[in-house]
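Source file: target.txt (compact mmCIF, C-alpha atoms)
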```txt
# COMPACT_ATOMS: atom_id res chain seq x y z
CA MET A 1 114.61 99.26 134.06
CA MET A 2 117.40 99.79 136.64
CA ARG A 3 119.13 102.28 134.34
CA LEU A 4 116.02 104.42 133.93
CA ALA A 5 115.77 107.63 135.89
CA ALA A 6 113.24 107.58 138.69
CA ARG A 7 111.01 110.04 136.84
CA ASP A 8 110.96 107.80 133.73
CA ARG A 9 109.98 104.58 135.47
CA PRO A 10 106.21 105.30 135.72
CA LEU A 11 106.09 105.95 131.97
CA ALA A 12 108.02 102.75 131.25
CA LEU A 13 105.69 100.75 133.49
CA LEU A 14 102.66 102.26 131.77
CA ILE A 15 104.04 101.32 128.34
CA LEU A 16 104.76 97.77 129.51
CA ALA A 17 101.27 97.47 130.97
CA LEU A 18 99.65 98.69 127.74
CA ALA A 19 101.81 96.29 125.72
CA ALA A 20 100.79 93.41 127.97
CA ILE A 21 97.11 94.31 127.63
CA GLY A 22 97.46 94.52 123.85
CA LEU A 23 99.19 91.14 123.72
CA LEU A 24 96.48 89.62 125.91
CA VAL A 25 93.70 91.00 123.70
CA LEU A 26 95.40 89.73 120.54
CA ALA A 27 96.61 86.34 121.73
CA GLY A 28 93.97 85.55 124.38
CA PRO A 29 91.18 84.49 122.00
CA VAL A 30 93.61 82.31 120.02
CA LEU A 31 94.80 80.55 123.17
CA ILE A 32 91.19 79.96 124.29
CA VAL A 33 90.32 78.39 120.93
CA LEU A 34 93.42 76.19 121.04
CA LEU A 35 92.65 74.96 124.55
CA THR A 36 89.00 74.37 123.65
CA SER A 37 90.02 72.20 120.69
CA PHE A 38 91.44 69.64 123.14
CA THR A 39 88.30 69.45 125.31
CA THR A 40 86.68 66.18 126.28
CA SER A 41 83.28 67.89 126.19
CA GLN A 42 80.76 67.18 123.42
CA ALA A 43 80.30 70.90 122.72
CA LEU A 44 82.37 74.07 122.74
CA ARG A 45 83.09 74.85 126.40
CA PHE A 46 85.77 76.80 128.19
CA PRO A 47 87.56 75.90 130.35
CA PRO A 48 87.69 72.30 129.10
CA PRO A 49 86.87 69.61 131.68
CA GLY A 50 89.66 67.44 130.27
CA LEU A 51 92.09 67.17 127.39
CA THR A 52 91.96 64.83 124.42
CA LEU A 53 93.00 64.61 120.76
CA ARG A 54 89.65 63.08 119.78
CA TRP A 55 88.39 66.11 117.87
CA TYR A 56 91.53 66.37 115.77
CA ALA A 57 91.16 62.69 114.89
CA GLU A 58 87.55 63.29 113.86
CA LEU A 59 88.54 66.39 111.92
CA PHE A 60 90.97 64.38 109.78
CA ASP A 61 88.54 61.47 109.41
CA ALA A 62 87.63 61.30 105.71
CA THR A 63 84.13 59.96 106.43
CA ARG A 64 82.92 62.08 109.36
CA SER A 65 84.48 65.32 108.09
CA ALA A 66 84.02 64.90 104.34
CA GLN A 67 82.17 68.22 104.00
CA ILE A 68 84.90 70.06 105.91
CA HIS A 69 87.57 68.52 103.68
CA ARG A 70 85.66 69.51 100.55
CA ALA A 71 85.26 73.07 101.81
CA ALA A 72 88.95 73.21 102.74
CA LEU A 73 89.99 72.08 99.25
CA ASN A 74 87.72 74.71 97.71
CA SER A 75 89.23 77.40 99.94
CA LEU A 76 92.79 76.32 99.12
CA ALA A 77 92.06 76.32 95.38
CA VAL A 78 90.45 79.76 95.52
CA ALA A 79 93.28 81.12 97.68
CA ALA A 80 95.96 79.78 95.33
CA CYS A 81 94.29 81.29 92.24
CA THR A 82 93.67 84.52 94.12
CA ALA A 83 97.30 84.78 95.20
CA ALA A 84 98.53 84.26 91.63
CA ILE A 85 96.18 86.86 90.13
CA ALA A 86 96.58 89.41 92.93
CA THR A 87 100.37 89.15 92.87
CA ALA A 88 100.50 89.60 89.10
CA LEU A 89 98.21 92.64 89.25
CA ALA A 90 100.10 94.12 92.21
CA THR A 91 103.47 93.64 90.50
CA ALA A 92 102.35 95.37 87.30
CA ALA A 93 100.70 98.18 89.25
CA ALA A 94 103.66 98.65 91.60
CA LEU A 95 106.15 98.91 88.74
CA ALA A 96 103.99 101.42 86.86
CA ILE A 97 103.26 103.54 89.95
CA SER A 98 106.83 103.54 91.30
CA ARG A 99 108.27 104.78 87.98
CA SER A 100 105.84 107.69 87.57
CA ARG A 101 105.44 110.97 89.42
CA ALA A 102 102.28 111.93 87.56
CA THR A 103 98.96 112.58 89.26
CA TRP A 104 97.40 109.49 87.70
CA ALA A 105 99.92 107.31 89.53
CA ARG A 106 98.80 108.60 92.93
CA PHE A 107 95.17 108.22 91.90
CA ALA A 108 95.82 104.65 90.71
CA GLU A 109 97.56 103.79 93.98
CA GLY A 110 94.59 105.09 95.96
CA ALA A 111 92.19 103.11 93.78
CA PHE A 112 94.14 99.90 94.30
CA LEU A 113 94.23 100.42 98.08
CA ALA A 114 90.57 101.47 98.33
CA PRO A 115 89.25 97.93 99.11
CA LEU A 116 91.18 98.04 102.40
CA VAL A 117 88.99 100.86 103.75
CA LEU A 118 85.67 99.45 102.58
CA PRO A 119 83.62 97.44 105.12
CA GLY A 120 83.93 93.80 104.13
CA ILE A 121 80.22 93.07 104.37
CA ALA A 122 79.41 96.08 102.16
CA TYR A 123 81.93 94.98 99.57
CA GLY A 124 80.59 91.43 99.58
CA LEU A 125 77.04 92.65 99.04
CA ALA A 126 78.20 95.03 96.31
CA THR A 127 79.95 92.22 94.42
CA LEU A 128 76.86 90.04 94.66
CA MET A 129 74.64 92.83 93.30
CA PHE A 130 77.13 93.65 90.53
CA PHE A 131 77.46 90.06 89.33
CA SER A 132 73.71 89.56 89.63
CA TRP A 133 73.21 92.64 87.44
CA LEU A 134 75.53 90.97 84.91
CA ARG A 135 73.42 87.81 85.31
CA LEU A 136 76.40 85.74 86.38
CA PRO A 137 75.54 83.00 88.90
CA PRO A 138 77.88 82.32 91.85
CA SER A 139 80.80 80.19 90.72
CA PHE A 140 84.45 79.39 91.37
CA LEU A 141 85.63 82.08 88.94
CA LEU A 142 83.49 84.76 90.57
CA LEU A 143 84.85 83.80 93.97
CA VAL A 144 88.41 84.16 92.69
CA ALA A 145 87.59 87.53 91.11
CA GLY A 146 85.98 88.83 94.30
CA HIS A 147 88.85 87.60 96.48
CA ALA A 148 91.49 88.98 94.10
CA ILE A 149 90.15 92.53 94.42
CA ILE A 150 90.41 92.31 98.20
CA ALA A 151 93.83 90.60 98.17
CA THR A 152 95.58 92.85 95.63
CA PRO A 153 96.15 95.76 98.07
CA PHE A 154 98.00 93.44 100.47
CA ALA A 155 100.37 92.38 97.70
CA LEU A 156 100.73 95.94 96.43
CA ARG A 157 102.19 97.12 99.73
CA THR A 158 105.08 94.65 99.76
CA VAL A 159 105.75 94.68 96.01
CA GLY A 160 105.54 98.47 95.97
CA ALA A 161 108.13 98.73 98.73
CA SER A 162 110.51 96.55 96.72
CA ALA A 163 109.80 98.38 93.46
CA ALA A 164 110.44 101.77 95.09
CA GLY A 165 113.99 100.64 95.91
CA LEU A 166 114.92 99.82 92.30
CA ASP A 167 117.87 101.78 90.95
CA PRO A 168 116.83 103.48 87.66
CA ALA A 169 120.45 103.22 86.48
CA LEU A 170 120.11 99.44 86.30
CA LEU A 171 117.11 99.72 83.99
CA GLU A 172 118.85 102.32 81.83
CA SER A 173 121.96 100.15 81.58
CA SER A 174 119.89 97.14 80.56
CA ALA A 175 118.10 99.15 77.87
CA SER A 176 121.38 100.63 76.57
CA LEU A 177 122.78 97.12 76.18
CA GLY A 178 119.88 96.21 73.89
CA ALA A 179 117.70 94.22 76.27
CA SER A 180 113.97 94.25 75.54
CA PRO A 181 111.54 95.41 78.26
CA TRP A 182 110.49 91.81 78.88
CA ARG A 183 114.11 90.62 79.17
CA THR A 184 114.89 93.52 81.51
CA PHE A 185 111.94 92.58 83.67
CA ARG A 186 112.85 88.87 83.72
CA ARG A 187 116.61 89.21 84.25
CA VAL A 188 116.93 92.47 86.22
CA ILE A 189 113.70 93.66 87.82
CA LEU A 190 112.11 90.39 88.92
CA PRO A 191 115.17 89.01 90.79
CA LEU A 192 115.45 92.30 92.70
CA ILE A 193 111.78 92.51 93.71
CA LEU A 194 111.24 88.76 94.13
CA PRO A 195 111.23 88.87 97.98
CA GLY A 196 108.48 91.50 97.89
CA VAL A 197 106.55 89.49 95.30
CA ALA A 198 106.80 86.34 97.42
CA ALA A 199 105.67 88.21 100.54
CA GLY A 200 102.77 89.73 98.61
CA GLY A 201 101.71 86.32 97.34
CA PHE A 202 101.73 84.93 100.87
CA LEU A 203 99.63 87.80 102.23
CA SER A 204 97.18 87.46 99.34
CA PHE A 205 96.85 83.73 99.97
CA VAL A 206 96.19 84.18 103.69
CA SER A 207 93.72 87.04 103.19
CA SER A 208 91.76 84.95 100.68
CA LEU A 209 91.77 81.85 102.86
CA ASP A 210 90.25 83.82 105.74
CA ASN A 211 87.85 85.97 103.72
CA VAL A 212 84.30 85.62 105.03
CA PRO A 213 82.20 88.46 103.50
CA VAL A 214 82.98 87.71 99.84
CA SER A 215 82.70 83.96 100.37
CA LEU A 216 79.39 84.43 102.17
CA PHE A 217 77.78 86.25 99.23
CA LEU A 218 79.46 84.55 96.26
CA SER A 219 79.75 80.91 97.34
CA SER A 220 77.21 78.28 96.32
CA ALA A 221 76.49 74.66 97.14
CA GLY A 222 79.20 73.60 94.71
CA THR A 223 81.76 76.07 96.03
CA ASP A 224 81.35 75.69 99.77
CA MET A 225 84.16 77.59 101.53
CA LEU A 226 85.84 76.58 104.78
CA PRO A 227 85.06 79.74 106.83
CA ILE A 228 81.38 79.51 105.86
CA ARG A 229 81.25 75.79 106.62
CA LEU A 230 82.82 76.32 110.07
CA TRP A 231 80.47 79.23 110.79
CA GLY A 232 77.45 77.10 109.96
CA MET A 233 78.68 74.25 112.18
CA MET A 234 79.22 76.63 115.08
CA GLU A 235 75.75 78.14 114.69
CA SER A 236 73.91 74.84 114.45
CA ALA A 237 75.66 72.49 116.87
CA LEU A 238 78.65 74.13 118.57
CA ASP A 239 80.73 71.33 117.03
CA VAL A 240 84.16 71.06 118.67
CA ARG A 241 85.67 70.24 115.27
CA VAL A 242 85.35 73.97 114.57
CA ALA A 243 87.89 74.66 117.30
CA ALA A 244 90.10 71.84 116.01
CA ALA A 245 89.99 73.24 112.48
CA SER A 246 90.82 76.67 113.87
CA GLY A 247 93.75 75.18 115.72
CA VAL A 248 95.07 73.62 112.51
CA LEU A 249 94.69 76.93 110.65
CA VAL A 250 96.51 78.83 113.41
CA ALA A 251 99.37 76.33 113.44
CA VAL A 252 99.73 76.30 109.65
CA ALA A 253 99.56 80.10 109.40
CA PHE A 254 102.17 80.48 112.15
CA LEU A 255 104.56 78.01 110.48
CA LEU A 256 104.14 79.68 107.10
CA LEU A 257 104.71 83.09 108.70
CA VAL A 258 107.96 81.89 110.26
CA VAL A 259 109.13 80.36 106.97
CA MET A 260 108.28 83.48 104.98
CA ASP A 261 109.92 85.75 107.54
CA ARG A 262 113.09 83.66 107.40
CA ALA A 263 113.03 83.54 103.60
CA VAL A 264 112.08 87.09 102.61
CA GLY A 265 111.84 89.11 105.84
CA LEU A 266 108.04 89.27 105.76
CA VAL A 267 107.61 91.15 109.05
CA ARG A 268 110.12 93.81 108.02
CA ARG A 269 108.46 94.29 104.63
CA MET A 270 105.00 94.58 106.21
CA ALA A 271 106.34 97.19 108.63
CA GLY A 272 107.97 99.07 105.78
```
Structure rendered as structure tokens:
Amino acid sequence: MMRLAARDRPLALLILALAAIGLLVLAGPVLIVLLTSFTTSQALRFPPPGLTLRWYAELFDATRSAQIHRAALNSLAVAACTAAIATALATAAALAISRSRATWARFAEGAFLAPLVLPGIAYGLATLMFFSWLRLPPSFLLLVAGHAIIATPFALRTVGASAAGLDPALLESSASLGASPWRTFRRVILPLILPGVAAGGFLSFVSSLDNVPVSLFLSSAGTDMLPIRLWGMMESALDVRVAAASGVLVAVAFLLLVVMDRAVGLVRRMAG
């Protein structure tokens, strides 16, 4: 700041102020939830009258929080299957799109990214109506299918960035040496794009774990999902375990983000 010219300092202060406001808006709600999860109150209140770990103990209690645990396991299973399917689809699409300059490739890319611009609640209702028209009742497989369509664009961005950087000469050399397309993919392409694939899988997993609209319309009594379970608890009783569960999710997501950023440069790939 000392090196800035006097006429540039007001602009720098304005930028810093806007950055601070943005950080407050983004991180403020998370900090409030984290502080509330340690409250000694019997209901969600902020600021907390005191601090305790009681609600985390109750959250991990297998008897009192059995329904939460069941919903969490369902969400983890759906997210894992979604990440696998979305990453496979995104990898195939990214390789096909990156190697073609035809009009269909641009159209296909837009089609794959279209779910990102659709309102989530509208997409959830549309999937429910579509599967109802097919006379398919809500099930685990339908949840995975609905989540995969939403998660695939997230994976496509990172895998596509890696695929765009492939050197065509490597593929031509592999083919000239007699390697089959599958062997070329397994021994040449996949190792080069693996960081993008891993980052795409992580983003798909997180987007599925936190998906409310699709889970709201496609879940059933046998496939209760964690976001829907927490929403119902907050509506009915303002249960503090909701804040504790949110605190656990924030901590786990932050740790995974740090690990993935260290391993594959997740933040850089998302920015790219």
> So which one's closest to Pro191 in chain A, A:Leu89, A:Leu218, A:Leu166, A:Leu23? Using all atoms listed in the file, please.
Replying inline: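 Looking only at the distances to Pro191 in chain A, the closest residue turns out to be A:Leu166.
Coordinates place CA of Ser215 in chain A at a distance of 12.7 Å from CA of Ala72 in chain A.
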>> Could you check the closest approach to Leu170 in chain A for each of A:Leu192, A:Ala105, A:Ala245, A:Leu18 and tell me which residue wins, using only C-alpha atoms?
In response: A:Leu192
>> Env of Leu171 in chain A: 12 Å cut, atoms = all atoms listed in the file, seq-sep filter 3 positions within chain, self excluded. Answer as a list of chain:residue names.
In response: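 These residues fall inside the cut-off: A:Leu95, A:Arg99, A:Leu166, A:Asp167, A:Pro168, A:Ser174, A:Ala175, A:Ser176, A:Leu177, A:Gly178, A:Ala179, A:Ser180, A:Pro181, A:Trp182, A:Arg183, A:Thr184, A:Phe185, A:Arg186, A:Arg187, A:Val188, A:Ile189, A:Leu190, A:Leu192.
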Kindly export the residues of the current selection with C-alpha atoms, as a PDB file, in the coordinates of the input.
```pdb
ATOM      1  CA  LEU A  95     106.150  98.910  88.740  1.00  0.00           C
ATOM      2  CA  ARG A  99     108.270 104.780  87.980  1.00  0.00           C
ATOM      3  CA  LEU A 166     114.920  99.820  92.300  1.00  0.00           C
ATOM      4  CA  ASP A 167     117.870 101.780  90.950  1.00  0.00           C
ATOM      5  CA  PRO A 168     116.830 103.480  87.660  1.00  0.00           C
ATOM      6  CA  SER A 174     119.890  97.140  80.560  1.00  0.00           C
ATOM      7  CA  ALA A 175     118.100  99.150  77.870  1.00  0.00           C
ATOM      8  CA  SER A 176     121.380 100.630  76.570  1.00  0.00           C
ATOM      9  CA  LEU A 177     122.780  97.120  76.180  1.00  0.00           C
ATOM     10  CA  GLY A 178     119.880  96.210  73.890  1.00  0.00           C
ATOM     11  CA  ALA A 179     117.700  94.220  76.270  1.00  0.00           C
ATOM     12  CA  SER A 180     113.970  94.250  75.540  1.00  0.00           C
ATOM     13  CA  PRO A 181     111.540  95.410  78.260  1.00  0.00           C
ATOM     14  CA  TRP A 182     110.490  91.810  78.880  1.00  0.00           C
ATOM     15  CA  ARG A 183     114.110  90.620  79.170  1.00  0.00           C
ATOM     16  CA  THR A 184     114.890  93.520  81.510  1.00  0.00           C
ATOM     17  CA  PHE A 185     111.940  92.580  83.670  1.00  0.00           C
ATOM     18  CA  ARG A 186     112.850  88.870  83.720  1.00  0.00           C
ATOM     19  CA  ARG A 187     116.610  89.210  84.250  1.00  0.00           C
ATOM     20  CA  VAL A 188     116.930  92.470  86.220  1.00  0.00           C
ATOM     21  CA  ILE A 189     113.700  93.660  87.820  1.00  0.00           C
ATOM     22  CA  LEU A 190     112.110  90.390  88.920  1.00  0.00           C
ATOM     23  CA  LEU A 192     115.450  92.300  92.700  1.00  0.00           C
TER      24      LEU A 192
END
```
Counting all atoms listed in the file, what is within 12 Å of Leu53 in chain A, bar same-chain residues fewer than 4 positions away, as a CSV table (one decimal) with C-alpha atoms, in the coordinates of the input?
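That gives us part.csv:
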```csv
chain,number,residue,atom,x,y,z
A,34,LEU,CA,93.4,76.2,121.0
A,35,LEU,CA,92.6,75.0,124.6
A,36,THR,CA,89.0,74.4,123.6
A,37,SER,CA,90.0,72.2,120.7
A,38,PHE,CA,91.4,69.6,123.1
A,39,THR,CA,88.3,69.4,125.3
A,40,THR,CA,86.7,66.2,126.3
A,41,SER,CA,83.3,67.9,126.2
A,57,ALA,CA,91.2,62.7,114.9
A,58,GLU,CA,87.6,63.3,113.9
A,59,LEU,CA,88.5,66.4,111.9
A,60,PHE,CA,91.0,64.4,109.8
A,240,VAL,CA,84.2,71.1,118.7
A,241,ARG,CA,85.7,70.2,115.3
A,243,ALA,CA,87.9,74.7,117.3
A,244,ALA,CA,90.1,71.8,116.0
A,247,GLY,CA,93.8,75.2,115.7
```
Mind dumping a table of every range 191-218 of chain A residue within 9 Å of range 150-159 of chain A, with the nearest atom pair and its distance in Å to one decimal, using only C-alpha atoms, sorted by chain and rising number, as CSV?
```
residue,atom,partner,partner_atom,distance
A:Ile193,CA,A:Val159,CA,6.8
A:Leu194,CA,A:Val159,CA,8.3
A:Pro195,CA,A:Val159,CA,8.2
A:Gly196,CA,A:Val159,CA,4.6
A:Val197,CA,A:Val159,CA,5.3
A:Ala198,CA,A:Val159,CA,8.5
A:Ala199,CA,A:Thr158,CA,6.5
A:Gly200,CA,A:Ala155,CA,3.7
A:Gly201,CA,A:Ala155,CA,6.2
A:Phe202,CA,A:Ala155,CA,8.2
A:Leu203,CA,A:Phe154,CA,6.1
A:Ser204,CA,A:Ala151,CA,4.7
A:Phe205,CA,A:Ala151,CA,7.7
A:Val206,CA,A:Ala151,CA,8.8
A:Ser207,CA,A:Ala151,CA,6.2
A:Ser208,CA,A:Ala151,CA,6.5
A:Asn211,CA,A:Ile150,CA,8.8
A:Val214,CA,A:Ile150,CA,8.9
```
> Taking into account only C-alpha atoms, which residue in the set A:Ser75, A:Ser220, A:Thr103, A:Ser236 is nearest to Leu128 in chain A?
Replying inline: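 Of all the options, A:Ser220 lies closest to Leu128 in chain A.
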>> From (94.9, 81.2, 94.9), in the file's coordinates, out to 9 Å: which residues are reached, counting all atoms listed in the file? Answer as a list of chain:residue names.
In response: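 The answer, in the requested form, is A:Ser75, A:Leu76, A:Ala77, A:Val78, A:Ala79, A:Ala80, A:Cys81, A:Thr82, A:Ala83, A:Ala84, A:Ile85, A:Ala86, A:Val144, A:His147, A:Ala148, A:Gly201, A:Ser204, A:Phe205, A:Ser208, A:Leu209.
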Same residues, C-alpha atoms, output as a PDB file, keeping the file's coordinate frame:
```pdb
ATOM      1  CA  SER A  75      89.230  77.400  99.940  1.00  0.00           C
ATOM      2  CA  LEU A  76      92.790  76.320  99.120  1.00  0.00           C
ATOM      3  CA  ALA A  77      92.060  76.320  95.380  1.00  0.00           C
ATOM      4  CA  VAL A  78      90.450  79.760  95.520  1.00  0.00           C
ATOM      5  CA  ALA A  79      93.280  81.120  97.680  1.00  0.00           C
ATOM      6  CA  ALA A  80      95.960  79.780  95.330  1.00  0.00           C
ATOM      7  CA  CYS A  81      94.290  81.290  92.240  1.00  0.00           C
ATOM      8  CA  THR A  82      93.670  84.520  94.120  1.00  0.00           C
ATOM      9  CA  ALA A  83      97.300  84.780  95.200  1.00  0.00           C
ATOM     10  CA  ALA A  84      98.530  84.260  91.630  1.00  0.00           C
ATOM     11  CA  ILE A  85      96.180  86.860  90.130  1.00  0.00           C
ATOM     12  CA  ALA A  86      96.580  89.410  92.930  1.00  0.00           C
ATOM     13  CA  VAL A 144      88.410  84.160  92.690  1.00  0.00           C
ATOM     14  CA  HIS A 147      88.850  87.600  96.480  1.00  0.00           C
ATOM     15  CA  ALA A 148      91.490  88.980  94.100  1.00  0.00           C
ATOM     16  CA  GLY A 201     101.710  86.320  97.340  1.00  0.00           C
ATOM     17  CA  SER A 204      97.180  87.460  99.340  1.00  0.00           C
ATOM     18  CA  PHE A 205      96.850  83.730  99.970  1.00  0.00           C
ATOM     19  CA  SER A 208      91.760  84.950 100.680  1.00  0.00           C
ATOM     20  CA  LEU A 209      91.770  81.850 102.860  1.00  0.00           C
TER      21      LEU A 209
END
```
>> So, with all atoms listed in the file as the atoms that count, which of A:Ala251, A:Val212, A:Leu16, A:Ile68 lies closest to Tyr123 in chain A?
In response: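 Smallest separation from Tyr123 in chain A among the options: A:Val212.
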>> With only C-alpha atoms as the counted atoms, please give the residues lying no more than 8 Å from Asp239 in chain A, apart from itself and same-chain residues fewer than 2 positions off, as a list in words.
In response: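 Once the adjacent positions are removed, what remains is Gln42, Ala43, Leu44, Met233, Met234, Ala237, Arg241, Val242 and Ala243 of chain A.
Across the structure, CA of Phe131 in chain A and CA of Phe107 in chain A are spaced 25.5 Å apart.
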> How many Å separate CA of Leu31 in chain A from CA of Leu255 in chain A?
Replying inline: 16.2 Å
> Between A:Leu24, A:Leu226, A:Pro213, A:Glu235, which has the minimum distance to Ala66 in chain A (counting only C-alpha atoms)?
Replying inline: A:Leu226
